[in-house]
>>> print(open('target.pdb').read())   # PDB, C-alpha atoms, pLDDT in the B column
MODEL        1
ATOM      1  CA  MET A  21      78.167  92.119 157.653  1.00 95.00           C
ATOM      2  CA  GLN A  22      78.953  95.461 156.157  1.00 97.00           C
ATOM      3  CA  TYR A  23      79.090  98.428 158.510  1.00 97.00           C
ATOM      4  CA  GLN A  24      79.451 102.148 158.007  1.00 97.00           C
ATOM      5  CA  PHE A  25      81.170 104.278 160.613  1.00 98.00           C
ATOM      6  CA  HIS A  26      81.673 107.991 160.778  1.00 98.00           C
ATOM      7  CA  VAL A  27      85.143 108.444 162.248  1.00 98.00           C
ATOM      8  CA  THR A  28      86.601 111.790 163.240  1.00 97.00           C
ATOM      9  CA  GLY A  29      90.209 112.615 164.062  1.00 96.00           C
ATOM     10  CA  MET A  30      91.839 111.030 161.013  1.00 97.00           C
ATOM     11  CA  THR A  31      94.038 113.678 159.425  1.00 96.00           C
ATOM     12  CA  CYS A  32      96.388 111.862 157.078  1.00 96.00           C
ATOM     13  CA  GLY A  33      97.368 108.635 155.398  1.00 96.00           C
ATOM     14  CA  HIS A  34      99.059 107.436 158.585  1.00 96.00           C
ATOM     15  CA  CYS A  35      95.754 107.780 160.431  1.00 97.00           C
ATOM     16  CA  GLU A  36      93.970 105.941 157.653  1.00 97.00           C
ATOM     17  CA  ARG A  37      96.413 103.052 157.946  1.00 97.00           C
ATOM     18  CA  ALA A  38      96.179 103.097 161.742  1.00 98.00           C
ATOM     19  CA  VAL A  39      92.403 102.629 161.526  1.00 98.00           C
ATOM     20  CA  VAL A  40      92.693  99.881 158.918  1.00 98.00           C
ATOM     21  CA  HIS A  41      95.269  98.045 161.039  1.00 98.00           C
ATOM     22  CA  ALA A  42      93.231  98.477 164.221  1.00 98.00           C
ATOM     23  CA  VAL A  43      90.304  96.718 162.563  1.00 98.00           C
ATOM     24  CA  ARG A  44      92.514  94.058 160.991  1.00 98.00           C
ATOM     25  CA  ASN A  45      94.032  93.342 164.405  1.00 98.00           C
ATOM     26  CA  ILE A  46      90.675  92.103 165.631  1.00 98.00           C
ATOM     27  CA  ASP A  47      89.652  90.548 162.313  1.00 98.00           C
ATOM     28  CA  GLU A  48      92.463  89.832 159.911  1.00 96.00           C
ATOM     29  CA  GLU A  49      90.031  89.069 157.110  1.00 97.00           C
ATOM     30  CA  ALA A  50      88.106  92.325 157.442  1.00 98.00           C
ATOM     31  CA  ILE A  51      87.796  94.515 154.362  1.00 98.00           C
ATOM     32  CA  VAL A  52      88.245  98.121 155.414  1.00 98.00           C
ATOM     33  CA  LYS A  53      87.813 101.177 153.244  1.00 97.00           C
ATOM     34  CA  VAL A  54      88.492 104.674 154.484  1.00 97.00           C
ATOM     35  CA  ASP A  55      87.398 107.901 152.845  1.00 97.00           C
ATOM     36  CA  LEU A  56      89.682 110.352 154.591  1.00 96.00           C
ATOM     37  CA  PRO A  57      88.006 113.652 153.596  1.00 95.00           C
ATOM     38  CA  THR A  58      84.602 112.570 154.908  1.00 97.00           C
ATOM     39  CA  GLY A  59      85.702 110.203 157.679  1.00 97.00           C
ATOM     40  CA  GLN A  60      83.493 107.494 156.227  1.00 98.00           C
ATOM     41  CA  VAL A  61      84.826 104.042 157.122  1.00 98.00           C
ATOM     42  CA  THR A  62      83.285 100.951 155.564  1.00 98.00           C
ATOM     43  CA  VAL A  63      84.038  97.604 157.150  1.00 98.00           C
ATOM     44  CA  GLU A  64      83.080  94.175 155.955  1.00 98.00           C
ATOM     45  CA  SER A  65      83.529  91.773 158.848  1.00 98.00           C
ATOM     46  CA  ASP A  66      81.977  88.894 160.746  1.00 97.00           C
ATOM     47  CA  LYS A  67      82.647  90.696 164.032  1.00 97.00           C
ATOM     48  CA  ALA A  68      80.002  92.718 165.826  1.00 97.00           C
ATOM     49  CA  ARG A  69      79.683  96.394 165.066  1.00 97.00           C
ATOM     50  CA  ASP A  70      80.511  97.368 168.652  1.00 97.00           C
ATOM     51  CA  VAL A  71      83.715  95.354 168.652  1.00 98.00           C
ATOM     52  CA  ILE A  72      84.896  97.149 165.524  1.00 98.00           C
ATOM     53  CA  ALA A  73      83.899 100.569 166.844  1.00 98.00           C
ATOM     54  CA  THR A  74      85.797  99.884 170.065  1.00 98.00           C
ATOM     55  CA  ALA A  75      88.924  98.908 168.156  1.00 98.00           C
ATOM     56  CA  ILE A  76      88.801 102.186 166.234  1.00 98.00           C
ATOM     57  CA  ARG A  77      88.214 104.200 169.414  1.00 98.00           C
ATOM     58  CA  GLU A  78      91.085 102.467 171.186  1.00 97.00           C
ATOM     59  CA  GLU A  79      93.320 103.558 168.325  1.00 97.00           C
ATOM     60  CA  GLY A  80      92.514 107.123 169.339  1.00 96.00           C
ATOM     61  CA  TYR A  81      89.726 108.141 166.962  1.00 97.00           C
ATOM     62  CA  GLN A  82      86.137 109.130 167.596  1.00 98.00           C
ATOM     63  CA  VAL A  83      83.346 106.989 166.195  1.00 98.00           C
ATOM     64  CA  ALA A  84      79.858 108.468 165.940  1.00 94.00           C
ATOM     65  CA  ALA A  85      77.269 106.420 167.825  1.00 72.00           C
TER
ATOM     66  CA  MET B  12     125.180 121.488 164.832  1.00 95.00           C
ATOM     67  CA  GLN B  13     121.689 122.541 165.756  1.00 97.00           C
ATOM     68  CA  TYR B  14     119.309 123.344 162.935  1.00 97.00           C
ATOM     69  CA  GLN B  15     115.819 124.762 162.784  1.00 97.00           C
ATOM     70  CA  PHE B  16     113.431 123.756 160.024  1.00 98.00           C
ATOM     71  CA  HIS B  17     109.963 124.928 159.239  1.00 98.00           C
ATOM     72  CA  VAL B  18     108.111 121.844 158.068  1.00 98.00           C
ATOM     73  CA  THR B  19     104.605 121.876 156.649  1.00 97.00           C
ATOM     74  CA  GLY B  20     102.290 118.947 156.063  1.00 96.00           C
ATOM     75  CA  MET B  21     102.573 117.338 159.500  1.00 97.00           C
ATOM     76  CA  THR B  22      99.056 116.873 160.811  1.00 96.00           C
ATOM     77  CA  CYS B  23      99.270 114.403 163.678  1.00 96.00           C
ATOM     78  CA  GLY B  24     101.462 112.406 165.987  1.00 96.00           C
ATOM     79  CA  HIS B  25     102.077 109.825 163.264  1.00 96.00           C
ATOM     80  CA  CYS B  26     103.528 112.555 161.050  1.00 97.00           C
ATOM     81  CA  GLU B  27     105.659 113.786 163.914  1.00 97.00           C
ATOM     82  CA  ARG B  28     107.086 110.309 164.405  1.00 97.00           C
ATOM     83  CA  ALA B  29     107.577 109.871 160.651  1.00 97.00           C
ATOM     84  CA  VAL B  30     109.733 113.012 160.563  1.00 98.00           C
ATOM     85  CA  VAL B  31     111.713 111.984 163.637  1.00 98.00           C
ATOM     86  CA  HIS B  32     112.344 108.536 162.166  1.00 98.00           C
ATOM     87  CA  ALA B  33     113.290 109.961 158.769  1.00 98.00           C
ATOM     88  CA  VAL B  34     116.010 112.033 160.409  1.00 98.00           C
ATOM     89  CA  ARG B  35     117.131 109.181 162.652  1.00 98.00           C
ATOM     90  CA  ASN B  36     117.432 106.949 159.596  1.00 97.00           C
ATOM     91  CA  ILE B  37     120.229 109.121 158.282  1.00 98.00           C
ATOM     92  CA  ASP B  38     121.706 109.896 161.718  1.00 98.00           C
ATOM     93  CA  GLU B  39     120.722 107.518 164.472  1.00 96.00           C
ATOM     94  CA  GLU B  40     122.208 109.804 167.111  1.00 97.00           C
ATOM     95  CA  ALA B  41     120.304 112.894 166.002  1.00 98.00           C
ATOM     96  CA  ILE B  42     118.176 114.670 168.579  1.00 98.00           C
ATOM     97  CA  VAL B  43     114.922 115.709 166.946  1.00 98.00           C
ATOM     98  CA  LYS B  44     112.195 117.838 168.480  1.00 97.00           C
ATOM     99  CA  VAL B  45     108.957 118.589 166.692  1.00 97.00           C
ATOM    100  CA  ASP B  46     106.449 121.259 167.583  1.00 97.00           C
ATOM    101  CA  LEU B  47     103.440 120.036 165.677  1.00 96.00           C
ATOM    102  CA  PRO B  48     101.207 123.157 165.865  1.00 95.00           C
ATOM    103  CA  THR B  49     103.908 125.443 164.437  1.00 97.00           C
ATOM    104  CA  GLY B  50     105.784 122.929 162.270  1.00 97.00           C
ATOM    105  CA  GLN B  51     109.026 123.915 163.964  1.00 98.00           C
ATOM    106  CA  VAL B  52     111.530 121.051 163.845  1.00 98.00           C
ATOM    107  CA  THR B  53     114.786 121.300 165.784  1.00 98.00           C
ATOM    108  CA  VAL B  54     117.547 118.868 164.905  1.00 98.00           C
ATOM    109  CA  GLU B  55     120.855 118.385 166.604  1.00 98.00           C
ATOM    110  CA  SER B  56     123.071 116.409 164.267  1.00 98.00           C
ATOM    111  CA  ASP B  57     126.554 116.152 162.788  1.00 97.00           C
ATOM    112  CA  LYS B  58     125.042 115.796 159.308  1.00 97.00           C
ATOM    113  CA  ALA B  59     124.715 118.703 156.911  1.00 97.00           C
ATOM    114  CA  ARG B  60     121.541 120.762 156.951  1.00 97.00           C
ATOM    115  CA  ASP B  61     120.727 119.846 153.341  1.00 97.00           C
ATOM    116  CA  VAL B  62     120.989 116.132 154.045  1.00 98.00           C
ATOM    117  CA  ILE B  63     118.505 116.437 156.887  1.00 98.00           C
ATOM    118  CA  ALA B  64     116.122 118.617 154.873  1.00 98.00           C
ATOM    119  CA  THR B  65     116.210 116.090 152.044  1.00 98.00           C
ATOM    120  CA  ALA B  66     115.376 113.228 154.412  1.00 98.00           C
ATOM    121  CA  ILE B  67     112.331 115.146 155.681  1.00 98.00           C
ATOM    122  CA  ARG B  68     111.223 116.012 152.137  1.00 98.00           C
ATOM    123  CA  GLU B  69     111.593 112.405 151.024  1.00 97.00           C
ATOM    124  CA  GLU B  70     109.258 111.428 153.852  1.00 97.00           C
ATOM    125  CA  GLY B  71     106.606 113.547 152.126  1.00 96.00           C
ATOM    126  CA  TYR B  72     106.771 116.878 153.971  1.00 97.00           C
ATOM    127  CA  GLN B  73     107.665 120.356 152.798  1.00 98.00           C
ATOM    128  CA  VAL B  74     110.680 122.086 154.291  1.00 98.00           C
ATOM    129  CA  ALA B  75     110.971 125.853 153.924  1.00 94.00           C
ATOM    130  CA  ALA B  76     114.184 126.893 152.176  1.00 72.00           C
TER
ENDMDL
END
>>> encode(input="target.pdb", output="structure tokens")
Amino acid sequence: MQYQFHVTGMTCGHCERAVVHAVRNIDEEAIVKVDLPTGQVTVESDKARDVIATAIREEGYQVAA
Amino acid sequence: MQYQFHVTGMTCGHCERAVVHAVRNIDEEAIVKVDLPTGQVTVESDKARDVIATAIREEGYQVAA
């Protein structure tokens, strides 16, 4: 499945990598793309949307519902 | 010696840690304090000021002259 998330709180390349790694920690084969200026995060994964959103939130970022 | 640096480009806790680690990489006993909102970085180190400033710059941040 491909999901789109709107993530707020990412300010720099470190944050971008933190989000990518958070998703990869729960699905190592996930394809994650982050557009830092807009906060748009695209994830291709077999995991459920909620599981991915939770992983991003637990990393310290806000995910729009 | 204790030095004060004004560092710009730090946006989040990751950046703060990146600066601390950059300084510690050249002086593992350095005491580094970062005030993120103001960009004020205080370093207690036996190394020369220029060496520390260079380490911070090489990490990708701007240090005022």
>>> residues_around(input="target.pdb", residues="stretch 32-41 of chain A", least_positions_apart="6", cutoff="10 Å", atoms="all atoms listed in the file", output="PyMOL selection string")
(chain A and resi 47-48+50-57+59+61+63+75-81) or (chain B and resi 20-26+29)
>>> write_last_selection(input="target.pdb", atoms="C-alpha atoms", output="PDB file, keeping the file's coordinate frame")
ATOM      1  CA  ASP A  47      89.652  90.548 162.313  1.00 98.00           C
ATOM      2  CA  GLU A  48      92.463  89.832 159.911  1.00 96.00           C
ATOM      3  CA  ALA A  50      88.106  92.325 157.442  1.00 98.00           C
ATOM      4  CA  ILE A  51      87.796  94.515 154.362  1.00 98.00           C
ATOM      5  CA  VAL A  52      88.245  98.121 155.414  1.00 98.00           C
ATOM      6  CA  LYS A  53      87.813 101.177 153.244  1.00 97.00           C
ATOM      7  CA  VAL A  54      88.492 104.674 154.484  1.00 97.00           C
ATOM      8  CA  ASP A  55      87.398 107.901 152.845  1.00 97.00           C
ATOM      9  CA  LEU A  56      89.682 110.352 154.591  1.00 96.00           C
ATOM     10  CA  PRO A  57      88.006 113.652 153.596  1.00 95.00           C
ATOM     11  CA  GLY A  59      85.702 110.203 157.679  1.00 97.00           C
ATOM     12  CA  VAL A  61      84.826 104.042 157.122  1.00 98.00           C
ATOM     13  CA  VAL A  63      84.038  97.604 157.150  1.00 98.00           C
ATOM     14  CA  ALA A  75      88.924  98.908 168.156  1.00 98.00           C
ATOM     15  CA  ILE A  76      88.801 102.186 166.234  1.00 98.00           C
ATOM     16  CA  ARG A  77      88.214 104.200 169.414  1.00 98.00           C
ATOM     17  CA  GLU A  78      91.085 102.467 171.186  1.00 97.00           C
ATOM     18  CA  GLU A  79      93.320 103.558 168.325  1.00 97.00           C
ATOM     19  CA  GLY A  80      92.514 107.123 169.339  1.00 96.00           C
ATOM     20  CA  TYR A  81      89.726 108.141 166.962  1.00 97.00           C
TER      21      TYR A  81
ATOM     22  CA  GLY B  20     102.290 118.947 156.063  1.00 96.00           C
ATOM     23  CA  MET B  21     102.573 117.338 159.500  1.00 97.00           C
ATOM     24  CA  THR B  22      99.056 116.873 160.811  1.00 96.00           C
ATOM     25  CA  CYS B  23      99.270 114.403 163.678  1.00 96.00           C
ATOM     26  CA  GLY B  24     101.462 112.406 165.987  1.00 96.00           C
ATOM     27  CA  HIS B  25     102.077 109.825 163.264  1.00 96.00           C
ATOM     28  CA  CYS B  26     103.528 112.555 161.050  1.00 97.00           C
ATOM     29  CA  ALA B  29     107.577 109.871 160.651  1.00 97.00           C
TER      30      ALA B  29
END
>>> axis_aligned_box(input="target.pdb", around="stretch 63-71 of chain A", padding_each_side="4 Å", output="lines of an AutoDock Vina configuration file")
center_x = 81.9
center_y = 93.2
center_z = 162.3
size_x = 12.4
size_y = 16.7
size_z = 20.7
>>> resolve_selection(input="target.pdb", expression="the PyMOL selection byres ((chain A and resi 73) around 9)", output="number ranges by chain")
A: 25, 43, 68-72, 74-78, 82-85
>>> calpha_fit_and_write(input="target.pdb", fixed="chain B", moving="chain A", output="PDB file with C-alpha atoms, keeping the file's coordinate frame")
ATOM      1  CA  MET A  21     125.160 121.485 164.819  1.00 95.00           C
ATOM      2  CA  GLN A  22     121.693 122.547 165.756  1.00 97.00           C
ATOM      3  CA  TYR A  23     119.297 123.341 162.929  1.00 97.00           C
ATOM      4  CA  GLN A  24     115.811 124.772 162.782  1.00 97.00           C
ATOM      5  CA  PHE A  25     113.437 123.759 160.022  1.00 98.00           C
ATOM      6  CA  HIS A  26     109.967 124.946 159.237  1.00 98.00           C
ATOM      7  CA  VAL A  27     108.113 121.846 158.070  1.00 98.00           C
ATOM      8  CA  THR A  28     104.612 121.886 156.641  1.00 97.00           C
ATOM      9  CA  GLY A  29     102.293 118.944 156.054  1.00 96.00           C
ATOM     10  CA  MET A  30     102.572 117.337 159.490  1.00 97.00           C
ATOM     11  CA  THR A  31      99.041 116.866 160.787  1.00 96.00           C
ATOM     12  CA  CYS A  32      99.265 114.401 163.651  1.00 96.00           C
ATOM     13  CA  GLY A  33     101.442 112.394 165.980  1.00 96.00           C
ATOM     14  CA  HIS A  34     102.065 109.819 163.253  1.00 96.00           C
ATOM     15  CA  CYS A  35     103.521 112.552 161.048  1.00 97.00           C
ATOM     16  CA  GLU A  36     105.651 113.781 163.918  1.00 97.00           C
ATOM     17  CA  ARG A  37     107.072 110.297 164.405  1.00 97.00           C
ATOM     18  CA  ALA A  38     107.575 109.861 160.660  1.00 98.00           C
ATOM     19  CA  VAL A  39     109.728 113.004 160.572  1.00 98.00           C
ATOM     20  CA  VAL A  40     111.703 111.978 163.651  1.00 98.00           C
ATOM     21  CA  HIS A  41     112.348 108.528 162.172  1.00 98.00           C
ATOM     22  CA  ALA A  42     113.286 109.955 158.774  1.00 98.00           C
ATOM     23  CA  VAL A  43     116.009 112.028 160.417  1.00 98.00           C
ATOM     24  CA  ARG A  44     117.126 109.175 162.663  1.00 98.00           C
ATOM     25  CA  ASN A  45     117.432 106.928 159.608  1.00 98.00           C
ATOM     26  CA  ILE A  46     120.229 109.109 158.293  1.00 98.00           C
ATOM     27  CA  ASP A  47     121.692 109.891 161.716  1.00 98.00           C
ATOM     28  CA  GLU A  48     120.730 107.522 164.482  1.00 96.00           C
ATOM     29  CA  GLU A  49     122.217 109.805 167.112  1.00 97.00           C
ATOM     30  CA  ALA A  50     120.303 112.890 166.000  1.00 98.00           C
ATOM     31  CA  ILE A  51     118.178 114.676 168.583  1.00 98.00           C
ATOM     32  CA  VAL A  52     114.928 115.707 166.945  1.00 98.00           C
ATOM     33  CA  LYS A  53     112.205 117.828 168.469  1.00 97.00           C
ATOM     34  CA  VAL A  54     108.964 118.577 166.690  1.00 97.00           C
ATOM     35  CA  ASP A  55     106.461 121.263 167.596  1.00 97.00           C
ATOM     36  CA  LEU A  56     103.444 120.047 165.675  1.00 96.00           C
ATOM     37  CA  PRO A  57     101.223 123.164 165.878  1.00 95.00           C
ATOM     38  CA  THR A  58     103.914 125.441 164.445  1.00 97.00           C
ATOM     39  CA  GLY A  59     105.789 122.936 162.277  1.00 97.00           C
ATOM     40  CA  GLN A  60     109.032 123.919 163.964  1.00 98.00           C
ATOM     41  CA  VAL A  61     111.535 121.053 163.851  1.00 98.00           C
ATOM     42  CA  THR A  62     114.787 121.298 165.780  1.00 98.00           C
ATOM     43  CA  VAL A  63     117.548 118.867 164.913  1.00 98.00           C
ATOM     44  CA  GLU A  64     120.865 118.386 166.607  1.00 98.00           C
ATOM     45  CA  SER A  65     123.090 116.416 164.259  1.00 98.00           C
ATOM     46  CA  ASP A  66     126.555 116.163 162.768  1.00 97.00           C
ATOM     47  CA  LYS A  67     125.037 115.806 159.295  1.00 97.00           C
ATOM     48  CA  ALA A  68     124.708 118.718 156.904  1.00 97.00           C
ATOM     49  CA  ARG A  69     121.549 120.771 156.947  1.00 97.00           C
ATOM     50  CA  ASP A  70     120.717 119.854 153.347  1.00 97.00           C
ATOM     51  CA  VAL A  71     120.982 116.142 154.039  1.00 98.00           C
ATOM     52  CA  ILE A  72     118.500 116.452 156.892  1.00 98.00           C
ATOM     53  CA  ALA A  73     116.120 118.623 154.879  1.00 98.00           C
ATOM     54  CA  THR A  74     116.199 116.090 152.046  1.00 98.00           C
ATOM     55  CA  ALA A  75     115.373 113.242 154.409  1.00 98.00           C
ATOM     56  CA  ILE A  76     112.339 115.148 155.681  1.00 98.00           C
ATOM     57  CA  ARG A  77     111.211 116.008 152.145  1.00 98.00           C
ATOM     58  CA  GLU A  78     111.588 112.406 151.019  1.00 97.00           C
ATOM     59  CA  GLU A  79     109.260 111.429 153.846  1.00 97.00           C
ATOM     60  CA  GLY A  80     106.629 113.551 152.125  1.00 96.00           C
ATOM     61  CA  TYR A  81     106.771 116.867 153.981  1.00 97.00           C
ATOM     62  CA  GLN A  82     107.656 120.348 152.816  1.00 98.00           C
ATOM     63  CA  VAL A  83     110.679 122.086 154.291  1.00 98.00           C
ATOM     64  CA  ALA A  84     110.987 125.853 153.917  1.00 94.00           C
ATOM     65  CA  ALA A  85     114.208 126.883 152.182  1.00 72.00           C
TER      66      ALA A  85
END
>>> atom_distance(input="target.pdb", atom1="atom CA of A:Glu64", atom2="atom CA of A:Met21")
5.6 Å
>>> atom_distance(input="target.pdb", atom1="atom CA of A:Asn45", atom2="atom CA of B:Ala33")
26.1 Å
>>> atom_distance(input="target.pdb", atom1="atom CA of B:Lys58", atom2="atom CA of B:Val18")
18.0 Å
>>> decode(input="target.pdb", residues="stretch 44-68 of chain A", atoms="N, CA, C and O atoms", output="mmCIF file, in the first residue's frame")
data_model
loop_
_atom_site.group_PDB
_atom_site.id
_atom_site.type_symbol
_atom_site.label_atom_id
_atom_site.label_comp_id
_atom_site.auth_asym_id
_atom_site.auth_seq_id
_atom_site.Cartn_x
_atom_site.Cartn_y
_atom_site.Cartn_z
ATOM 1 N N ARG A 44 11.285 2.538 8.922
ATOM 2 C CA ARG A 44 12.069 1.349 8.560
ATOM 3 C C ARG A 44 12.242 0.399 9.743
ATOM 4 O O ARG A 44 12.444 -0.801 9.556
ATOM 5 N N ASN A 45 12.194 0.937 10.952
ATOM 6 C CA ASN A 45 12.310 0.070 12.135
ATOM 7 C C ASN A 45 11.131 -0.885 12.254
ATOM 8 O O ASN A 45 11.272 -1.976 12.794
ATOM 9 N N ILE A 46 9.980 -0.461 11.767
ATOM 10 C CA ILE A 46 8.818 -1.356 11.854
ATOM 11 C C ILE A 46 8.587 -2.098 10.538
ATOM 12 O O ILE A 46 7.825 -3.055 10.496
ATOM 13 N N ASP A 47 9.235 -1.633 9.481
ATOM 14 C CA ASP A 47 9.141 -2.333 8.191
ATOM 15 C C ASP A 47 10.411 -2.033 7.402
ATOM 16 O O ASP A 47 10.504 -0.995 6.733
ATOM 17 N N GLU A 48 11.353 -2.934 7.484
ATOM 18 C CA GLU A 48 12.662 -2.636 6.887
ATOM 19 C C GLU A 48 12.618 -2.536 5.365
ATOM 20 O O GLU A 48 13.568 -2.026 4.763
ATOM 21 N N GLU A 49 11.538 -3.015 4.778
ATOM 22 C CA GLU A 49 11.439 -2.918 3.314
ATOM 23 C C GLU A 49 10.604 -1.723 2.860
ATOM 24 O O GLU A 49 10.360 -1.544 1.665
ATOM 25 N N ALA A 50 10.145 -0.928 3.794
ATOM 26 C CA ALA A 50 9.329 0.237 3.432
ATOM 27 C C ALA A 50 10.128 1.203 2.571
ATOM 28 O O ALA A 50 11.339 1.363 2.739
ATOM 29 N N ILE A 51 9.409 1.835 1.629
ATOM 30 C CA ILE A 51 10.006 2.912 0.832
ATOM 31 C C ILE A 51 9.417 4.212 1.376
ATOM 32 O O ILE A 51 8.197 4.384 1.401
ATOM 33 N N VAL A 52 10.285 5.070 1.853
ATOM 34 C CA VAL A 52 9.831 6.291 2.526
ATOM 35 C C VAL A 52 10.419 7.506 1.823
ATOM 36 O O VAL A 52 11.636 7.576 1.615
ATOM 37 N N LYS A 53 9.545 8.411 1.460
ATOM 38 C CA LYS A 53 10.017 9.668 0.852
ATOM 39 C C LYS A 53 9.494 10.832 1.674
ATOM 40 O O LYS A 53 8.307 10.873 2.018
ATOM 41 N N VAL A 54 10.374 11.757 1.973
ATOM 42 C CA VAL A 54 9.996 12.906 2.785
ATOM 43 C C VAL A 54 10.227 14.186 1.985
ATOM 44 O O VAL A 54 11.305 14.400 1.440
ATOM 45 N N ASP A 55 9.192 15.011 1.936
ATOM 46 C CA ASP A 55 9.365 16.363 1.388
ATOM 47 C C ASP A 55 9.365 17.316 2.582
ATOM 48 O O ASP A 55 8.304 17.637 3.137
ATOM 49 N N LEU A 56 10.557 17.724 2.962
ATOM 50 C CA LEU A 56 10.724 18.486 4.201
ATOM 51 C C LEU A 56 9.947 19.809 4.217
ATOM 52 O O LEU A 56 9.255 20.106 5.199
ATOM 53 N N PRO A 57 10.016 20.612 3.140
ATOM 54 C CA PRO A 57 9.316 21.907 3.197
ATOM 55 C C PRO A 57 7.812 21.784 3.430
ATOM 56 O O PRO A 57 7.226 22.602 4.117
ATOM 57 N N THR A 58 7.197 20.754 2.876
ATOM 58 C CA THR A 58 5.740 20.620 3.003
ATOM 59 C C THR A 58 5.331 19.649 4.107
ATOM 60 O O THR A 58 4.170 19.635 4.516
ATOM 61 N N GLY A 59 6.255 18.822 4.572
ATOM 62 C CA GLY A 59 5.921 17.822 5.577
ATOM 63 C C GLY A 59 5.226 16.600 4.996
ATOM 64 O O GLY A 59 4.728 15.742 5.724
ATOM 65 N N GLN A 60 5.188 16.531 3.681
ATOM 66 C CA GLN A 60 4.543 15.395 3.020
ATOM 67 C C GLN A 60 5.451 14.165 3.113
ATOM 68 O O GLN A 60 6.615 14.216 2.707
ATOM 69 N N VAL A 61 4.915 13.086 3.673
ATOM 70 C CA VAL A 61 5.676 11.842 3.785
ATOM 71 C C VAL A 61 4.916 10.747 3.045
ATOM 72 O O VAL A 61 3.733 10.507 3.304
ATOM 73 N N THR A 62 5.583 10.127 2.101
ATOM 74 C CA THR A 62 4.982 9.056 1.312
ATOM 75 C C THR A 62 5.634 7.747 1.717
ATOM 76 O O THR A 62 6.862 7.644 1.750
ATOM 77 N N VAL A 63 4.795 6.777 2.050
ATOM 78 C CA VAL A 63 5.321 5.490 2.519
ATOM 79 C C VAL A 63 4.689 4.368 1.716
ATOM 80 O O VAL A 63 3.468 4.309 1.579
ATOM 81 N N GLU A 64 5.543 3.520 1.184
ATOM 82 C CA GLU A 64 5.061 2.310 0.538
ATOM 83 C C GLU A 64 5.403 1.155 1.471
ATOM 84 O O GLU A 64 6.581 0.929 1.787
ATOM 85 N N SER A 65 4.380 0.475 1.941
ATOM 86 C CA SER A 65 4.594 -0.543 2.983
ATOM 87 C C SER A 65 3.436 -1.519 3.010
ATOM 88 O O SER A 65 2.306 -1.180 2.619
ATOM 89 N N ASP A 66 3.708 -2.714 3.515
ATOM 90 C CA ASP A 66 2.644 -3.699 3.716
ATOM 91 C C ASP A 66 1.974 -3.532 5.077
ATOM 92 O O ASP A 66 0.956 -4.176 5.355
ATOM 93 N N LYS A 67 2.570 -2.695 5.930
ATOM 94 C CA LYS A 67 1.989 -2.473 7.261
ATOM 95 C C LYS A 67 0.749 -1.599 7.162
ATOM 96 O O LYS A 67 0.535 -0.900 6.163
ATOM 97 N N ALA A 68 -0.044 -1.620 8.219
ATOM 98 C CA ALA A 68 -1.240 -0.781 8.269
ATOM 99 C C ALA A 68 -0.864 0.684 8.456
ATOM 100 O O ALA A 68 0.154 1.003 9.066
#
